[in-house]
Amino acid sequence: MQSRLASPPTTSIADALRGDFPALAQRINGHPLVYFDNAATTQKPRAVLDAMRRHYEEDNANVHRGVHTLGNRATAAYEGARDRAAAFLNAPAREEIIFTRGTTESLNLVATAWGAAHLKPGDAIVLTEMEHHSNLVPWQLLARRTGAVLRFIPVLGDEGRLDLTGLDALLRGARLLAFTHISNALGTVNPVAELCERARAAGIVTVVDAAQSAGHMPLDVRAMGCDFLACSGHKACGPTGIGVLYGRRELLEAMPPYQGGGEMITRVTFEGAEYQAPPHKFEAGTPNIAGAVGLRAALDYLGQVGLPAIHAQIQDVTAYARERLSEFRGIRIFGPREGARGGLVSVVLPGVHALDLATLADQQGVAIRVGHHCTQPLHDRLGVPATARASFSFYNTRAEVDRFVTVLERVIRMLKGSP
């Protein structure tokens, strides 16, 4: 799809596209909104909002079994979204795309359906120390059910890069490697292709959590070489409640169902059931049809803007934010200092509680997130209970970063009692 942008990305990209996002035009507590909580969820363009409204106004019906016009329209839209998601991830086949409620459910699906069928006592599951709880707790539950053990790739210091020197030993005896593509707390971009290649050489199945990379940069499951990849619509300008699980076809075909109900069967008797082939085997019940419609609209929008341009814009604003924040005396900034990084900066300011910082920033129209960001073990490893995180999308600008810094200076003076 041709990009809407004819020139190399600069902050003018954000200026050109901000009008597509109605939420960004509002004022919060009398101040223009600066929305720096994109790692939690992104704002939605009018194209997504309009597509979902049109679906409910014109095509609202259940999918797959209806023979009437509305049912056929809804089915075509739903399955069209699957085709779009397959193209977005460069999946070899549309049957390898399963719709879920989000990254969390996608990861739980793999842990339940694949893990329970393949793991036995003593088998190892390898994770990293930077995992979101959604890519940690499902494997903890699976390990308790199967007797498997968890191993962790260490994180090196505040820059948050993985220590891969002992990876071969960690992979020995492992059946599965699950890791985040981009850390939601550090912004670290992990070497996906390298990790998947080393795991594959050892006969180990790989699961990639792409929640923070989908919609921020081009994704290609073939180039990555992963077996499974999970992502969410709402972090890629789509609606909440819709996510995607990519899985290699031969793995999906061998997996038992995740849930039981309508749609996922070919025949049911009182004694048992026969199941559909993937992806429908894993989509029991009425799906989130409008969510899929909105997801397709979001992926179309991102494709029109151009994911390389989106990635470059986010990199520019993130690097500028890190540069400006480094001006604060005594600040502790987490994540890589140089090179590619995810679109976020997490910090601790001396003598300033993160919650106070975020609360007072909100009073001046700046939305950031504070806490452990669902990475409590990582924060324990770093020795901090909470960080303040500013996270960016392609509609954010350097001017907003400057305003954020000005607000932080004002907040610090207020908290420390300076004039």
# chains A, B, ... in the order shown; residues from 1 in each chain; ligands from 1
>>> select_by_dssp(residues="stretch 118-289 of chain A", states="alpha helix (DSSP H)", output="ChimeraX atom specification")
/A:118,137-146,167-171,192-201,221-224,249-254,289
>>> residues_around(residues="stretch 133-146 of chain A", least_positions_apart="3", cutoff="9 Å", atoms="only C-alpha atoms", output="list in words")
Thr103, Thr104, Glu105, Leu107, Asn108, Ala111, Thr112, Gly115, Ala116, Leu119, Lys120, Pro121, Gly122, Asp123, Ala124, Ile125, Leu127, Thr128, Val149, Leu150, Ala178, Phe179, Thr180, Asp209, His373, Cys374, Thr375, Gln376 and Pro377 of chain A
>>> write_last_selection(atoms="C-alpha atoms", output="PDB file, in the first residue's frame")
ATOM      1  CA  THR A 103      -1.916 -10.281  23.654  1.00  0.00           C
ATOM      2  CA  THR A 104      -2.725 -11.676  27.082  1.00  0.00           C
ATOM      3  CA  GLU A 105      -5.295 -14.152  25.800  1.00  0.00           C
ATOM      4  CA  LEU A 107      -0.232 -16.020  25.273  1.00  0.00           C
ATOM      5  CA  ASN A 108      -2.608 -17.903  27.548  1.00  0.00           C
ATOM      6  CA  ALA A 111       0.389 -21.875  27.278  1.00  0.00           C
ATOM      7  CA  THR A 112      -2.829 -23.838  27.686  1.00  0.00           C
ATOM      8  CA  GLY A 115       2.033 -26.202  26.652  1.00  0.00           C
ATOM      9  CA  ALA A 116      -0.261 -28.675  28.367  1.00  0.00           C
ATOM     10  CA  LEU A 119       5.508 -30.229  28.561  1.00  0.00           C
ATOM     11  CA  LYS A 120       6.371 -32.802  31.200  1.00  0.00           C
ATOM     12  CA  PRO A 121       8.104 -32.654  34.593  1.00  0.00           C
ATOM     13  CA  GLY A 122      11.649 -31.326  34.323  1.00  0.00           C
ATOM     14  CA  ASP A 123      11.192 -29.619  30.958  1.00  0.00           C
ATOM     15  CA  ALA A 124      12.346 -26.001  30.942  1.00  0.00           C
ATOM     16  CA  ILE A 125      10.539 -22.851  29.837  1.00  0.00           C
ATOM     17  CA  LEU A 127      11.841 -16.397  29.620  1.00  0.00           C
ATOM     18  CA  THR A 128      13.639 -13.093  30.191  1.00  0.00           C
ATOM     19  CA  VAL A 149      10.734 -25.352  35.444  1.00  0.00           C
ATOM     20  CA  LEU A 150      11.284 -21.694  34.559  1.00  0.00           C
ATOM     21  CA  ALA A 178       9.036 -16.923  25.217  1.00  0.00           C
ATOM     22  CA  PHE A 179      10.209 -13.321  25.166  1.00  0.00           C
ATOM     23  CA  THR A 180       9.115  -9.774  24.484  1.00  0.00           C
ATOM     24  CA  ASP A 209       5.236 -10.965  22.640  1.00  0.00           C
ATOM     25  CA  HIS A 373       4.090  -1.401  34.460  1.00  0.00           C
ATOM     26  CA  CYS A 374       3.196  -5.071  35.038  1.00  0.00           C
ATOM     27  CA  THR A 375       6.888  -5.905  35.352  1.00  0.00           C
ATOM     28  CA  GLN A 376       7.275  -6.268  39.112  1.00  0.00           C
ATOM     29  CA  PRO A 377      10.141  -8.805  38.953  1.00  0.00           C
TER      30      PRO A 377
END
>>> residues_around(residues="A:Ile331", least_positions_apart="5", cutoff="8 Å", atoms="only C-alpha atoms", output="JSON, numbers by chain")
{"A": [325, 326, 347, 348, 349, 350]}
>>> residues_around(residues="stretch 361-366 of chain A", least_positions_apart="2", cutoff="7 Å", atoms="only C-alpha atoms", output="list in words")
Arg27, Ile28, Asn29, His31, Pro32, Leu33, Val34, Tyr35, Leu357, Ala358, Thr359, Ile368, Phe404, Val407 and Val411 of chain A
>>> residues_around(residues="stretch 276-279 of chain A", least_positions_apart="2", cutoff="10 Å", atoms="only C-alpha atoms", output="PyMOL selection string")
chain A and resi 82+94-99+245-247+249-255+257+263-267+273-274+281-283
>>> residues_around(residues="A:Gly160", least_positions_apart="5", cutoff="7 Å", atoms="only C-alpha atoms", output="PyMOL selection string")
chain A and resi 155+186+188+335-336
>>> residues_around(residues="A:Pro92", least_positions_apart="5", cutoff="9 Å", atoms="only C-alpha atoms", output="ChimeraX atom specification")
/A:86-87,221-222,248-249
>>> closest_residue(among="A:Cys231, A:Gly241, A:Ile412, A:His118", to="A:Gly147", atoms="only C-alpha atoms")
A:His118
>>> closest_residue(among="A:Ala236, A:Val293, A:Cys226, A:Ala211", to="A:Asp59", atoms="only C-alpha atoms")
A:Val293
>>> select_by_dssp(residues="stretch 157-405 of chain A", states="strand (DSSP E)", output="VMD selection string")
chain A and resid 161 to 162 174 to 180 205 to 209 228 to 232 243 to 247 265 to 268 273 to 275 332 to 334 344 to 348 366 to 367 369 to 371 387 to 391
>>> write_last_selection(atoms="N, CA and C atoms", output="compact mmCIF listing (two decimals), in the first residue's frame")
# COMPACT_ATOMS: atom_id res chain seq x y z
N ARG A 161 19.67 -4.36 28.52
CA ARG A 161 19.94 -5.30 27.43
C ARG A 161 20.05 -6.71 28.01
N LEU A 162 19.71 -7.70 27.19
CA LEU A 162 19.78 -9.08 27.63
C LEU A 162 21.23 -9.56 27.65
N ALA A 174 15.42 -27.26 27.32
CA ALA A 174 14.21 -26.43 27.25
C ALA A 174 13.31 -26.90 26.11
N ARG A 175 12.03 -26.65 26.26
CA ARG A 175 11.06 -26.95 25.21
C ARG A 175 10.50 -25.69 24.58
N LEU A 176 10.60 -24.56 25.31
CA LEU A 176 9.97 -23.33 24.83
C LEU A 176 10.76 -22.12 25.28
N LEU A 177 10.88 -21.12 24.38
CA LEU A 177 11.47 -19.83 24.67
C LEU A 177 10.43 -18.77 24.37
N ALA A 178 10.03 -17.99 25.38
CA ALA A 178 9.04 -16.92 25.22
C ALA A 178 9.66 -15.61 25.67
N PHE A 179 9.56 -14.59 24.83
CA PHE A 179 10.21 -13.32 25.17
C PHE A 179 9.51 -12.16 24.48
N THR A 180 9.70 -10.97 25.05
CA THR A 180 9.12 -9.77 24.48
C THR A 180 10.00 -9.24 23.37
N VAL A 205 10.54 -24.44 20.67
CA VAL A 205 9.46 -23.61 20.15
C VAL A 205 9.59 -22.19 20.70
N THR A 206 9.31 -21.18 19.86
CA THR A 206 9.47 -19.78 20.26
C THR A 206 8.14 -19.04 20.24
N VAL A 207 7.97 -18.17 21.24
CA VAL A 207 6.77 -17.32 21.36
C VAL A 207 7.24 -15.89 21.53
N VAL A 208 6.78 -15.00 20.65
CA VAL A 208 7.18 -13.59 20.69
C VAL A 208 6.00 -12.74 21.13
N ASP A 209 6.21 -11.95 22.18
CA ASP A 209 5.24 -10.97 22.64
C ASP A 209 5.52 -9.67 21.88
N PHE A 228 5.26 -18.71 17.27
CA PHE A 228 4.05 -18.00 17.65
C PHE A 228 4.40 -16.53 17.84
N LEU A 229 3.43 -15.66 17.56
CA LEU A 229 3.58 -14.22 17.85
C LEU A 229 2.23 -13.68 18.27
N ALA A 230 2.24 -12.88 19.34
CA ALA A 230 1.01 -12.33 19.90
C ALA A 230 1.06 -10.81 19.88
N CYS A 231 -0.07 -10.18 19.54
CA CYS A 231 -0.14 -8.72 19.59
C CYS A 231 -1.58 -8.29 19.82
N SER A 232 -1.74 -6.99 20.14
CA SER A 232 -3.05 -6.43 20.49
C SER A 232 -3.43 -5.33 19.52
N GLY A 243 -7.29 -9.04 19.51
CA GLY A 243 -5.86 -9.31 19.38
C GLY A 243 -5.63 -10.38 18.35
N VAL A 244 -4.37 -10.63 18.07
CA VAL A 244 -4.00 -11.60 17.05
C VAL A 244 -2.97 -12.56 17.63
N LEU A 245 -3.17 -13.82 17.35
CA LEU A 245 -2.14 -14.83 17.59
C LEU A 245 -1.76 -15.43 16.25
N TYR A 246 -0.49 -15.29 15.88
CA TYR A 246 0.04 -16.03 14.74
C TYR A 246 0.65 -17.32 15.27
N GLY A 247 0.38 -18.42 14.58
CA GLY A 247 0.99 -19.69 14.94
C GLY A 247 1.31 -20.49 13.68
N ILE A 265 -16.53 -26.31 16.06
CA ILE A 265 -16.80 -27.73 15.87
C ILE A 265 -17.29 -28.01 14.44
N THR A 266 -17.15 -29.26 14.02
CA THR A 266 -17.79 -29.71 12.77
C THR A 266 -18.96 -30.63 13.08
N ARG A 267 -18.88 -31.36 14.19
CA ARG A 267 -19.96 -32.27 14.58
C ARG A 267 -19.91 -32.47 16.09
N VAL A 268 -21.09 -32.49 16.72
CA VAL A 268 -21.19 -32.73 18.15
C VAL A 268 -22.25 -33.81 18.40
N ALA A 273 -17.12 -34.58 20.39
CA ALA A 273 -17.16 -33.57 19.33
C ALA A 273 -15.98 -33.74 18.40
N GLU A 274 -16.18 -33.29 17.18
CA GLU A 274 -15.11 -33.18 16.20
C GLU A 274 -14.89 -31.71 15.92
N TYR A 275 -13.62 -31.30 15.77
CA TYR A 275 -13.28 -29.88 15.74
C TYR A 275 -12.91 -29.41 14.34
N ARG A 332 17.46 9.14 36.93
CA ARG A 332 17.85 7.78 36.56
C ARG A 332 16.96 7.37 35.39
N ILE A 333 17.58 7.18 34.23
CA ILE A 333 16.84 6.84 33.02
C ILE A 333 17.13 5.39 32.67
N PHE A 334 16.07 4.64 32.41
CA PHE A 334 16.20 3.21 32.13
C PHE A 334 16.08 2.97 30.63
N LEU A 344 9.47 4.70 24.30
CA LEU A 344 9.17 5.06 25.68
C LEU A 344 10.45 5.38 26.44
N VAL A 345 10.28 6.15 27.51
CA VAL A 345 11.36 6.47 28.42
C VAL A 345 10.82 6.34 29.84
N SER A 346 11.48 5.51 30.66
CA SER A 346 11.09 5.33 32.06
C SER A 346 12.16 5.95 32.94
N VAL A 347 11.73 6.70 33.97
CA VAL A 347 12.68 7.45 34.79
C VAL A 347 12.31 7.39 36.26
N VAL A 348 13.30 7.67 37.08
CA VAL A 348 13.11 7.95 38.51
C VAL A 348 13.82 9.26 38.80
N VAL A 366 -0.84 16.66 31.01
CA VAL A 366 0.14 15.69 30.52
C VAL A 366 -0.19 14.31 31.09
N ALA A 367 -0.42 13.35 30.21
CA ALA A 367 -0.77 11.99 30.62
C ALA A 367 0.44 11.08 30.49
N ARG A 369 2.34 7.41 32.63
CA ARG A 369 1.99 6.26 33.48
C ARG A 369 3.07 6.05 34.53
N VAL A 370 2.63 5.61 35.71
CA VAL A 370 3.58 5.34 36.79
C VAL A 370 3.29 3.96 37.38
N GLY A 371 4.30 3.39 38.03
CA GLY A 371 4.14 2.10 38.68
C GLY A 371 5.20 1.14 38.21
N THR A 387 8.47 3.40 38.41
CA THR A 387 9.07 4.40 37.53
C THR A 387 7.96 5.23 36.90
N ALA A 388 8.34 6.40 36.41
CA ALA A 388 7.44 7.23 35.62
C ALA A 388 7.77 6.99 34.16
N ARG A 389 6.77 6.64 33.36
CA ARG A 389 7.00 6.27 31.96
C ARG A 389 6.24 7.20 31.03
N ALA A 390 6.99 7.81 30.12
CA ALA A 390 6.39 8.54 29.00
C ALA A 390 6.57 7.68 27.76
N SER A 391 5.47 7.42 27.06
CA SER A 391 5.54 6.54 25.89
C SER A 391 4.86 7.22 24.70
